[in-house]
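Containing mmCIF, C-alpha atoms: final20.cif.
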data_coords
#
loop_
_atom_site.label_atom_id
_atom_site.label_comp_id
_atom_site.auth_asym_id
_atom_site.auth_seq_id
_atom_site.Cartn_x
_atom_site.Cartn_y
_atom_site.Cartn_z
CA MET A 1 73.17 -86.59 11.20
CA SER A 2 75.26 -87.46 14.28
CA ARG A 3 73.93 -84.37 16.11
CA ARG A 4 70.37 -85.39 15.30
CA LEU A 5 70.97 -88.96 16.49
CA ALA A 6 72.46 -87.74 19.76
CA GLU A 7 69.64 -85.28 20.45
CA VAL A 8 66.89 -87.80 19.74
CA ALA A 9 68.70 -90.45 21.80
CA ARG A 10 68.89 -88.09 24.80
CA LYS A 11 65.23 -87.19 24.42
CA VAL A 12 64.10 -90.83 24.45
CA GLY A 13 66.76 -92.23 26.79
CA VAL A 14 68.16 -94.81 24.36
CA SER A 15 71.42 -95.26 22.50
CA GLU A 16 72.26 -93.54 19.24
CA ALA A 17 72.52 -96.99 17.67
CA THR A 18 68.87 -97.66 18.59
CA VAL A 19 67.80 -94.37 17.03
CA SER A 20 69.75 -95.24 13.90
CA ARG A 21 68.05 -98.65 13.65
CA VAL A 22 64.62 -96.99 13.86
CA LEU A 23 65.44 -94.36 11.23
CA ASN A 24 66.78 -97.00 8.89
CA GLY A 25 63.91 -99.42 9.41
CA LYS A 26 66.10 -102.14 10.92
CA PRO A 27 64.66 -104.94 13.11
CA GLY A 28 65.49 -105.52 16.76
CA VAL A 29 63.66 -102.51 18.24
CA SER A 30 60.46 -102.81 20.26
CA GLU A 31 57.34 -101.08 18.94
CA SER A 32 57.12 -98.81 21.98
CA THR A 33 60.73 -97.66 21.54
CA ARG A 34 60.17 -97.17 17.83
CA GLU A 35 57.12 -94.98 18.50
CA ALA A 36 59.03 -93.00 21.14
CA VAL A 37 61.89 -92.29 18.71
CA LEU A 38 59.53 -91.16 15.95
CA THR A 39 57.60 -88.93 18.36
CA ALA A 40 60.86 -87.36 19.62
CA LEU A 41 61.88 -86.74 16.03
CA ASP A 42 58.62 -84.86 15.43
CA VAL A 43 58.77 -82.90 18.67
CA LEU A 44 62.35 -81.78 18.01
CA GLY A 45 61.38 -80.57 14.54
CA TYR A 46 63.40 -83.04 12.47
CA GLU A 47 61.99 -84.48 9.26
CA ARG A 48 61.29 -88.18 9.22
CA PRO A 49 63.07 -90.35 6.65
CA THR A 50 61.04 -90.55 3.44
CA LYS A 51 59.90 -94.14 4.05
CA LEU A 52 58.46 -93.16 7.45
CA ARG A 53 56.61 -90.01 6.43
CA GLY A 54 53.47 -91.83 5.51
CA GLU A 55 52.95 -92.84 9.14
CA ARG A 56 51.15 -90.43 11.39
CA ALA A 57 52.90 -89.53 14.59
CA ARG A 58 51.21 -89.87 17.95
CA LEU A 59 51.06 -86.09 18.02
CA VAL A 60 47.90 -84.00 18.21
CA GLY A 61 47.79 -80.32 17.37
CA LEU A 62 46.06 -77.96 19.82
CA VAL A 63 45.42 -74.61 18.14
CA LEU A 64 44.48 -71.68 20.41
CA PRO A 65 43.83 -68.04 19.49
CA GLU A 66 45.73 -66.67 22.52
CA LEU A 67 46.95 -67.41 26.03
CA GLN A 68 46.19 -64.06 27.70
CA ASN A 69 42.59 -65.08 28.36
CA PRO A 70 42.98 -67.67 31.17
CA ILE A 71 40.21 -69.85 29.73
CA PHE A 72 42.54 -71.04 26.94
CA PRO A 73 45.41 -72.22 29.17
CA ALA A 74 42.72 -74.00 31.20
CA PHE A 75 41.49 -75.81 28.09
CA ALA A 76 45.09 -76.61 27.13
CA GLU A 77 45.70 -78.22 30.52
CA VAL A 78 42.58 -80.40 30.32
CA VAL A 79 43.12 -81.39 26.69
CA GLY A 80 46.83 -82.08 27.24
CA GLY A 81 46.08 -84.33 30.21
CA ALA A 82 43.37 -86.21 28.34
CA LEU A 83 45.69 -86.75 25.37
CA ALA A 84 48.51 -88.03 27.58
CA GLN A 85 46.15 -90.58 29.10
CA GLN A 86 45.39 -91.83 25.58
CA GLY A 87 49.07 -92.03 24.64
CA PHE A 88 49.27 -88.86 22.53
CA THR A 89 51.47 -85.79 22.81
CA PRO A 90 49.93 -82.31 22.33
CA VAL A 91 51.61 -79.78 20.06
CA LEU A 92 50.52 -76.33 21.27
CA CYS A 93 50.03 -73.69 18.57
CA THR A 94 49.14 -70.20 19.79
CA GLN A 95 48.38 -67.32 17.45
CA THR A 96 49.87 -63.89 18.06
CA ALA A 97 49.13 -60.54 16.43
CA GLY A 98 51.22 -60.30 13.30
CA GLY A 99 52.68 -63.75 13.93
CA VAL A 100 51.97 -67.23 12.63
CA SER A 101 48.38 -67.52 11.36
CA GLU A 102 45.93 -70.33 11.99
CA ALA A 103 46.34 -71.46 8.37
CA ASP A 104 50.14 -71.52 8.79
CA TYR A 105 49.81 -73.67 11.88
CA VAL A 106 47.62 -76.11 9.97
CA GLU A 107 50.32 -76.49 7.33
CA LEU A 108 52.98 -76.93 10.00
CA LEU A 109 50.94 -79.62 11.76
CA LEU A 110 50.23 -81.44 8.50
CA GLY A 111 53.96 -81.44 7.83
CA GLN A 112 54.52 -83.06 11.23
CA GLN A 113 52.13 -85.90 10.31
CA VAL A 114 49.93 -85.25 13.35
CA SER A 115 47.18 -87.73 14.11
CA GLY A 116 44.56 -85.02 14.56
CA ILE A 117 43.90 -81.40 15.56
CA VAL A 118 41.77 -79.79 18.26
CA PHE A 119 40.79 -76.14 17.77
CA ALA A 120 39.63 -74.11 20.78
CA GLY A 121 38.55 -70.76 19.41
CA GLY A 122 39.50 -69.74 15.89
CA HIS A 123 38.35 -68.74 12.43
CA TYR A 124 35.71 -71.46 12.42
CA ALA A 125 33.62 -69.30 14.77
CA GLN A 126 33.69 -66.23 12.46
CA ARG A 127 31.58 -66.12 9.32
CA ASP A 128 33.72 -63.52 7.53
CA ALA A 129 37.09 -65.17 8.24
CA THR A 130 38.99 -67.35 5.77
CA HIS A 131 38.17 -71.06 6.01
CA GLY A 132 40.28 -72.61 3.25
CA HIS A 133 42.62 -74.35 5.68
CA TYR A 134 39.69 -76.30 7.13
CA GLU A 135 38.95 -77.59 3.62
CA ARG A 136 42.54 -78.84 3.50
CA LEU A 137 41.92 -80.85 6.65
CA THR A 138 38.71 -82.27 5.20
CA SER A 139 40.47 -83.30 1.98
CA ARG A 140 43.16 -85.08 4.01
CA ASN A 141 40.55 -86.86 6.16
CA LEU A 142 42.41 -85.71 9.24
CA PRO A 143 40.49 -86.12 12.51
CA VAL A 144 39.43 -82.70 13.83
CA VAL A 145 37.32 -81.51 16.77
CA LEU A 146 36.17 -77.93 17.39
CA ILE A 147 35.59 -76.58 20.88
CA ASN A 148 32.71 -74.07 20.90
CA ALA A 149 30.30 -72.98 18.20
CA SER A 150 31.27 -72.83 14.53
CA ILE A 151 29.80 -71.87 11.20
CA GLU A 152 27.38 -74.53 9.97
CA GLU A 153 29.29 -75.46 6.81
CA LEU A 154 32.21 -77.21 8.54
CA PRO A 155 31.83 -81.02 8.79
CA PHE A 156 33.63 -81.46 12.11
CA PRO A 157 32.37 -82.65 15.50
CA ARG A 158 31.85 -79.76 17.93
CA VAL A 159 31.86 -79.55 21.70
CA SER A 160 30.24 -76.36 23.00
CA CYS A 161 28.98 -74.63 26.09
CA ASP A 162 25.29 -73.78 25.66
CA ASP A 163 25.48 -70.02 25.03
CA GLU A 164 21.72 -69.59 25.08
CA VAL A 165 21.35 -71.15 28.52
CA ALA A 166 24.30 -69.09 29.76
CA ILE A 167 22.68 -65.82 28.75
CA GLU A 168 19.32 -66.85 30.15
CA GLN A 169 21.03 -67.50 33.47
CA ALA A 170 22.95 -64.21 33.47
CA VAL A 171 20.12 -61.93 32.32
CA GLY A 172 17.60 -63.74 34.52
CA HIS A 173 19.88 -63.22 37.52
CA LEU A 174 20.13 -59.46 36.90
CA ALA A 175 16.39 -59.18 36.31
CA SER A 176 15.72 -60.99 39.60
CA LEU A 177 17.78 -58.28 41.32
CA GLY A 178 15.53 -55.58 39.89
CA HIS A 179 17.66 -54.45 36.95
CA THR A 180 15.46 -53.25 34.08
CA LYS A 181 18.08 -51.74 31.78
CA ILE A 182 20.67 -54.40 30.98
CA GLY A 183 23.62 -54.08 28.59
CA LEU A 184 25.62 -56.69 26.68
CA VAL A 185 29.29 -56.77 25.70
CA LEU A 186 29.70 -59.32 22.92
CA GLY A 187 32.29 -60.34 20.34
CA PRO A 188 32.34 -59.29 16.66
CA VAL A 189 29.16 -59.22 14.55
CA ASP A 190 30.18 -62.33 12.56
CA HIS A 191 31.09 -64.32 15.70
CA VAL A 192 28.77 -67.34 15.98
CA PRO A 193 28.82 -67.68 19.81
CA SER A 194 28.01 -63.96 20.07
CA GLU A 195 25.14 -64.40 17.60
CA ARG A 196 23.71 -67.08 19.86
CA LYS A 197 24.13 -64.96 22.96
CA LEU A 198 22.37 -62.00 21.35
CA ARG A 199 19.42 -64.12 20.20
CA ALA A 200 19.07 -65.54 23.70
CA ALA A 201 19.25 -62.09 25.28
CA GLN A 202 16.59 -60.74 22.92
CA ALA A 203 14.31 -63.68 23.72
CA ILE A 204 14.61 -63.49 27.50
CA THR A 205 14.33 -59.69 27.72
CA GLN A 206 11.20 -59.83 25.58
CA ARG A 207 9.79 -62.58 27.77
CA LEU A 208 10.52 -60.53 30.91
CA GLY A 209 9.13 -57.33 29.40
CA LEU A 210 12.52 -55.57 29.38
CA GLU A 211 13.94 -53.32 26.67
CA LEU A 212 17.11 -54.28 24.80
CA GLY A 213 17.85 -51.52 22.32
CA GLU A 214 20.74 -51.42 19.86
CA ASN A 215 22.56 -48.92 22.07
CA GLN A 216 22.55 -51.52 24.88
CA VAL A 217 24.63 -54.00 22.85
CA VAL A 218 28.32 -53.25 22.25
CA ARG A 219 30.57 -55.35 20.01
CA SER A 220 34.13 -55.74 21.19
CA ALA A 221 37.42 -57.58 20.87
CA TYR A 222 38.06 -60.09 23.63
CA SER A 223 40.39 -58.09 25.88
CA LEU A 224 40.32 -56.12 29.12
CA GLU A 225 40.96 -52.86 27.25
CA SER A 226 38.09 -53.51 24.85
CA GLY A 227 35.87 -54.30 27.81
CA GLN A 228 36.74 -50.97 29.39
CA ALA A 229 35.85 -49.09 26.20
CA ALA A 230 32.59 -51.00 25.88
CA GLY A 231 31.81 -50.36 29.54
CA ASN A 232 32.24 -46.62 29.06
CA ARG A 233 29.67 -46.65 26.26
CA LEU A 234 27.12 -48.70 28.16
CA LEU A 235 27.46 -46.69 31.37
CA ARG A 236 26.70 -43.50 29.43
CA GLU A 237 23.50 -45.24 28.27
CA GLY A 238 22.41 -45.63 31.87
CA VAL A 239 22.46 -49.40 32.13
CA THR A 240 22.67 -50.79 35.67
CA GLY A 241 23.53 -54.41 34.81
CA ILE A 242 26.04 -55.60 32.20
CA VAL A 243 26.53 -59.15 30.87
CA CYS A 244 29.90 -59.80 29.20
CA ALA A 245 30.98 -62.55 26.80
CA SER A 246 34.22 -63.25 28.71
CA ASP A 247 35.77 -62.64 32.11
CA PRO A 248 38.47 -60.23 30.81
CA LEU A 249 35.70 -58.15 29.21
CA ALA A 250 33.90 -58.06 32.56
CA LEU A 251 37.04 -56.94 34.36
CA GLY A 252 37.41 -54.17 31.79
CA VAL A 253 33.83 -53.05 32.46
CA ILE A 254 34.53 -52.96 36.20
CA ARG A 255 37.57 -50.80 35.56
CA ALA A 256 35.45 -48.43 33.46
CA ALA A 257 32.88 -48.18 36.24
CA ARG A 258 35.49 -47.36 38.86
CA ARG A 259 37.15 -44.73 36.72
CA ALA A 260 33.72 -43.17 36.22
CA GLY A 261 33.35 -42.92 40.00
CA LEU A 262 30.80 -45.75 40.21
CA ARG A 263 30.70 -48.63 42.68
CA VAL A 264 30.33 -52.29 41.78
CA PRO A 265 27.78 -53.67 42.59
CA ASP A 266 26.08 -50.70 44.35
CA ASP A 267 25.77 -48.61 41.17
CA VAL A 268 26.27 -51.20 38.45
CA SER A 269 26.32 -55.02 38.42
CA VAL A 270 28.63 -56.99 36.13
CA VAL A 271 28.49 -60.63 34.99
CA GLY A 272 31.36 -62.38 33.21
CA TYR A 273 31.57 -65.60 31.20
CA ASP A 274 33.90 -68.60 31.66
CA ASP A 275 34.74 -68.56 35.39
CA SER A 276 38.40 -68.63 34.47
CA ALA A 277 41.23 -68.74 37.02
CA PHE A 278 41.25 -66.25 39.92
CA MET A 279 37.82 -64.74 39.23
CA SER A 280 36.97 -65.49 42.87
CA CYS A 281 39.99 -63.40 43.90
CA THR A 282 39.12 -60.16 42.10
CA GLU A 283 37.69 -57.16 43.94
CA PRO A 284 34.82 -57.61 44.03
CA PRO A 285 34.80 -61.35 43.26
CA LEU A 286 33.26 -61.75 39.81
CA THR A 287 29.81 -63.20 39.23
CA THR A 288 30.23 -65.25 36.07
CA VAL A 289 28.86 -68.12 34.01
CA ARG A 290 31.08 -71.17 34.39
CA GLN A 291 31.97 -73.21 31.34
CA PRO A 292 32.36 -76.92 32.22
CA ILE A 293 35.93 -77.05 30.93
CA GLU A 294 36.85 -80.49 32.26
CA PRO A 295 33.99 -82.50 30.69
CA MET A 296 34.13 -80.44 27.48
CA GLY A 297 37.87 -81.03 27.03
CA ARG A 298 37.60 -84.74 27.76
CA ALA A 299 34.65 -85.15 25.41
CA ALA A 300 36.64 -83.42 22.65
CA ILE A 301 39.53 -85.85 23.06
CA ASP A 302 37.21 -88.87 23.17
CA LEU A 303 35.72 -87.75 19.85
CA LEU A 304 39.15 -87.13 18.35
CA VAL A 305 40.67 -90.45 19.45
CA SER A 306 37.61 -92.33 18.18
CA GLN A 307 38.18 -90.77 14.75
CA ILE A 308 41.90 -91.58 14.89
CA HIS A 309 41.03 -95.23 15.54
CA GLY A 310 38.73 -95.25 12.54
CA SER A 311 35.38 -95.10 14.32
CA ALA A 312 32.50 -92.99 13.04
CA VAL A 313 31.48 -90.16 15.37
CA PRO A 314 28.34 -88.00 15.32
CA GLN A 315 28.68 -84.69 13.52
CA ASP A 316 26.10 -83.14 15.84
CA GLU A 317 27.17 -80.44 18.27
CA LEU A 318 27.50 -81.61 21.87
CA LEU A 319 26.09 -78.89 24.13
CA PHE A 320 27.26 -78.73 27.74
CA GLU A 321 25.28 -77.00 30.49
CA PRO A 322 26.86 -73.86 32.02
CA GLU A 323 26.50 -72.83 35.66
CA LEU A 324 25.91 -69.33 37.02
CA VAL A 325 28.36 -68.63 39.86
CA VAL A 326 27.06 -65.71 41.94
CA ARG A 327 29.72 -63.65 43.70
CA GLY A 328 30.16 -60.04 44.73
CA SER A 329 29.99 -58.14 41.42
CA THR A 330 26.19 -58.30 41.23
CA GLY A 331 23.63 -56.85 43.59
CA PRO A 332 20.22 -55.15 43.73
CA ALA A 333 19.54 -52.46 41.15
CA PRO A 334 20.19 -48.93 42.46
CA THR A 335 17.09 -47.10 43.68
CA GLN A 336 18.24 -43.81 42.17
CA PRO A 337 19.33 -43.24 38.53
CA VAL A 338 23.10 -43.36 38.05
CA THR A 339 24.61 -40.72 35.80
CA VAL A 340 27.99 -40.76 34.13
CA GLN A 341 29.67 -37.66 32.81
CA ASP A 342 30.94 -37.71 29.24
#
Please go through the file and, once you have read it, give me the structure as structure tokens.
Amino acid sequence: MSRRLAEVARKVGVSEATVSRVLNGKPGVSESTREAVLTALDVLGYERPTKLRGERARLVGLVLPELQNPIFPAFAEVVGGALAQQGFTPVLCTQTAGGVSEADYVELLLGQQVSGIVFAGGHYAQRDATHGHYERLTSRNLPVVLINASIEELPFPRVSCDDEVAIEQAVGHLASLGHTKIGLVLGPVDHVPSERKLRAAQAITQRLGLELGENQVVRSAYSLESGQAAGNRLLREGVTGIVCASDPLALGVIRAARRAGLRVPDDVSVVGYDDSAFMSCTEPPLTTVRQPIEPMGRAAIDLLVSQIHGSAVPQDELLFEPELVVRGSTGPAPTQPVTVQD
């Protein structure tokens, strides 16, 4: 107990006696100090005294699928800053292969009496994934906000980039450069944002009189290595323009093109998705569709805090407009057919 008192006291910058008064429910402590002590207790992983467990901490869970894709640290920075401005502390939960699952993180956050949870990428976007832990959140009436598209059955507010507009921008850009055989690198078959992107690509290619056969669409995991494998397949199909569902996938496609002896953009043009950090510094600089991370993250926190304060919020999906950022990885379609050896 004395070790716990000392550690919490150091964290908050108060005396051990003050910490003891808070934990024992004694008077004589300001509300701000009391809240700071309870938050420190949660952050340090100590259980609250039984009589205080019914109170929610000013903690908010932020659950991310990974940190390797730079778009997720970018969301974490925006969401963390927005939470701090509202007086909340983010608890970052990042999944790793073979590590703690999304469902495990939900249980951990519930045990910490968090005020709410923001998910940015997760099982909610995959139809075939397990969704029981979301039902737990619903049954507890815990405020939740999802960033990006989800399955329709979940009753949570959603903040999304408009995938259909993004694909219209990307495919339209390649078509305007004379590309007639365009390939797509998307996420898994049951991935809702990828479903939207495919529908949009089918609609715009049909409208432009372009072919989009099954062999021009490759499903992939969201990694550079998966992008390289997908790029190899599409290049053998003779595509001259490739639209990818993330920037790391696009970088993988560019690697595949180079290893096949092709030049980007002279032989093949590549478009990414997100405009994550340093995409203007790649060689060539990546043409990509920019997600409006700042307004999306702030809107997510506004929705979450409104729920925490007991206000009703719309369950509709808020769609944010993407922006095509044209750089050096796209150019006119080659005048001669490009062949790739198997």
Problem - Within 9 Å of stretch 273-281 of chain A using only C-alpha atoms, minus same-chain residues under 3 positions, as JSON, numbers by chain - result: {"A": [69, 70, 71, 72, 74, 166, 243, 244, 245, 246, 247, 248, 249, 250, 284, 285, 286, 287, 288, 289, 290, 291, 292, 293, 322, 324, 325, 327, 328]}
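The closest residue to A:Gln113, picked from A:Leu59, A:Leu251, A:Val145, A:Ile151 and counting only C-alpha atoms, is A:Leu59.
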Practice task
Would you kindly translate the PyMOL selection byres ((chain A and resi 228) around 7) into the concrete residues it picks from this file, as a ChimeraX atom specification?
Solution key: /A:224-227,229-232,252-253,255-256
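Atom CA of A:Val14 is found 11.8 Å from atom CA of A:Ser30.
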Which residues, named as in the file, does the PyMOL selection byres ((chain A and resi 123) around 12) pick out? Answer as a PDB file with C-alpha atoms, keeping the file's coordinate frame.
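After the write, result32.pdb holds the following:
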ATOM      1  CA  VAL A  63      45.420 -74.610  18.140  1.00  0.00           C
ATOM      2  CA  LEU A  64      44.480 -71.680  20.410  1.00  0.00           C
ATOM      3  CA  PRO A  65      43.830 -68.040  19.490  1.00  0.00           C
ATOM      4  CA  GLN A  95      48.380 -67.320  17.450  1.00  0.00           C
ATOM      5  CA  SER A 101      48.380 -67.520  11.360  1.00  0.00           C
ATOM      6  CA  GLU A 102      45.930 -70.330  11.990  1.00  0.00           C
ATOM      7  CA  ALA A 103      46.340 -71.460   8.370  1.00  0.00           C
ATOM      8  CA  PHE A 119      40.790 -76.140  17.770  1.00  0.00           C
ATOM      9  CA  ALA A 120      39.630 -74.110  20.780  1.00  0.00           C
ATOM     10  CA  GLY A 121      38.550 -70.760  19.410  1.00  0.00           C
ATOM     11  CA  GLY A 122      39.500 -69.740  15.890  1.00  0.00           C
ATOM     12  CA  TYR A 124      35.710 -71.460  12.420  1.00  0.00           C
ATOM     13  CA  ALA A 125      33.620 -69.300  14.770  1.00  0.00           C
ATOM     14  CA  GLN A 126      33.690 -66.230  12.460  1.00  0.00           C
ATOM     15  CA  ARG A 127      31.580 -66.120   9.320  1.00  0.00           C
ATOM     16  CA  ASP A 128      33.720 -63.520   7.530  1.00  0.00           C
ATOM     17  CA  ALA A 129      37.090 -65.170   8.240  1.00  0.00           C
ATOM     18  CA  THR A 130      38.990 -67.350   5.770  1.00  0.00           C
ATOM     19  CA  HIS A 131      38.170 -71.060   6.010  1.00  0.00           C
ATOM     20  CA  GLY A 132      40.280 -72.610   3.250  1.00  0.00           C
ATOM     21  CA  HIS A 133      42.620 -74.350   5.680  1.00  0.00           C
ATOM     22  CA  TYR A 134      39.690 -76.300   7.130  1.00  0.00           C
ATOM     23  CA  LEU A 146      36.170 -77.930  17.390  1.00  0.00           C
ATOM     24  CA  ILE A 147      35.590 -76.580  20.880  1.00  0.00           C
ATOM     25  CA  ASN A 148      32.710 -74.070  20.900  1.00  0.00           C
ATOM     26  CA  ALA A 149      30.300 -72.980  18.200  1.00  0.00           C
ATOM     27  CA  SER A 150      31.270 -72.830  14.530  1.00  0.00           C
ATOM     28  CA  ILE A 151      29.800 -71.870  11.200  1.00  0.00           C
ATOM     29  CA  LEU A 154      32.210 -77.210   8.540  1.00  0.00           C
ATOM     30  CA  PRO A 188      32.340 -59.290  16.660  1.00  0.00           C
ATOM     31  CA  ASP A 190      30.180 -62.330  12.560  1.00  0.00           C
ATOM     32  CA  HIS A 191      31.090 -64.320  15.700  1.00  0.00           C
ATOM     33  CA  VAL A 192      28.770 -67.340  15.980  1.00  0.00           C
TER      34      VAL A 192
END
Exercise for the section: Starting from the shown file, work through the PyMOL selection byres ((chain A and resi 212) around 8) and note down what comes out as a PyMOL selection string. Expected result: chain A and resi 181-183+202+205+210-211+213-214+216-217
Handout entry: Top pick for closest residue to A:Val268, considering A:Pro143, A:Gly172, A:Gly238, A:Gly297 and counting only C-alpha atoms
Key = A:Gly238
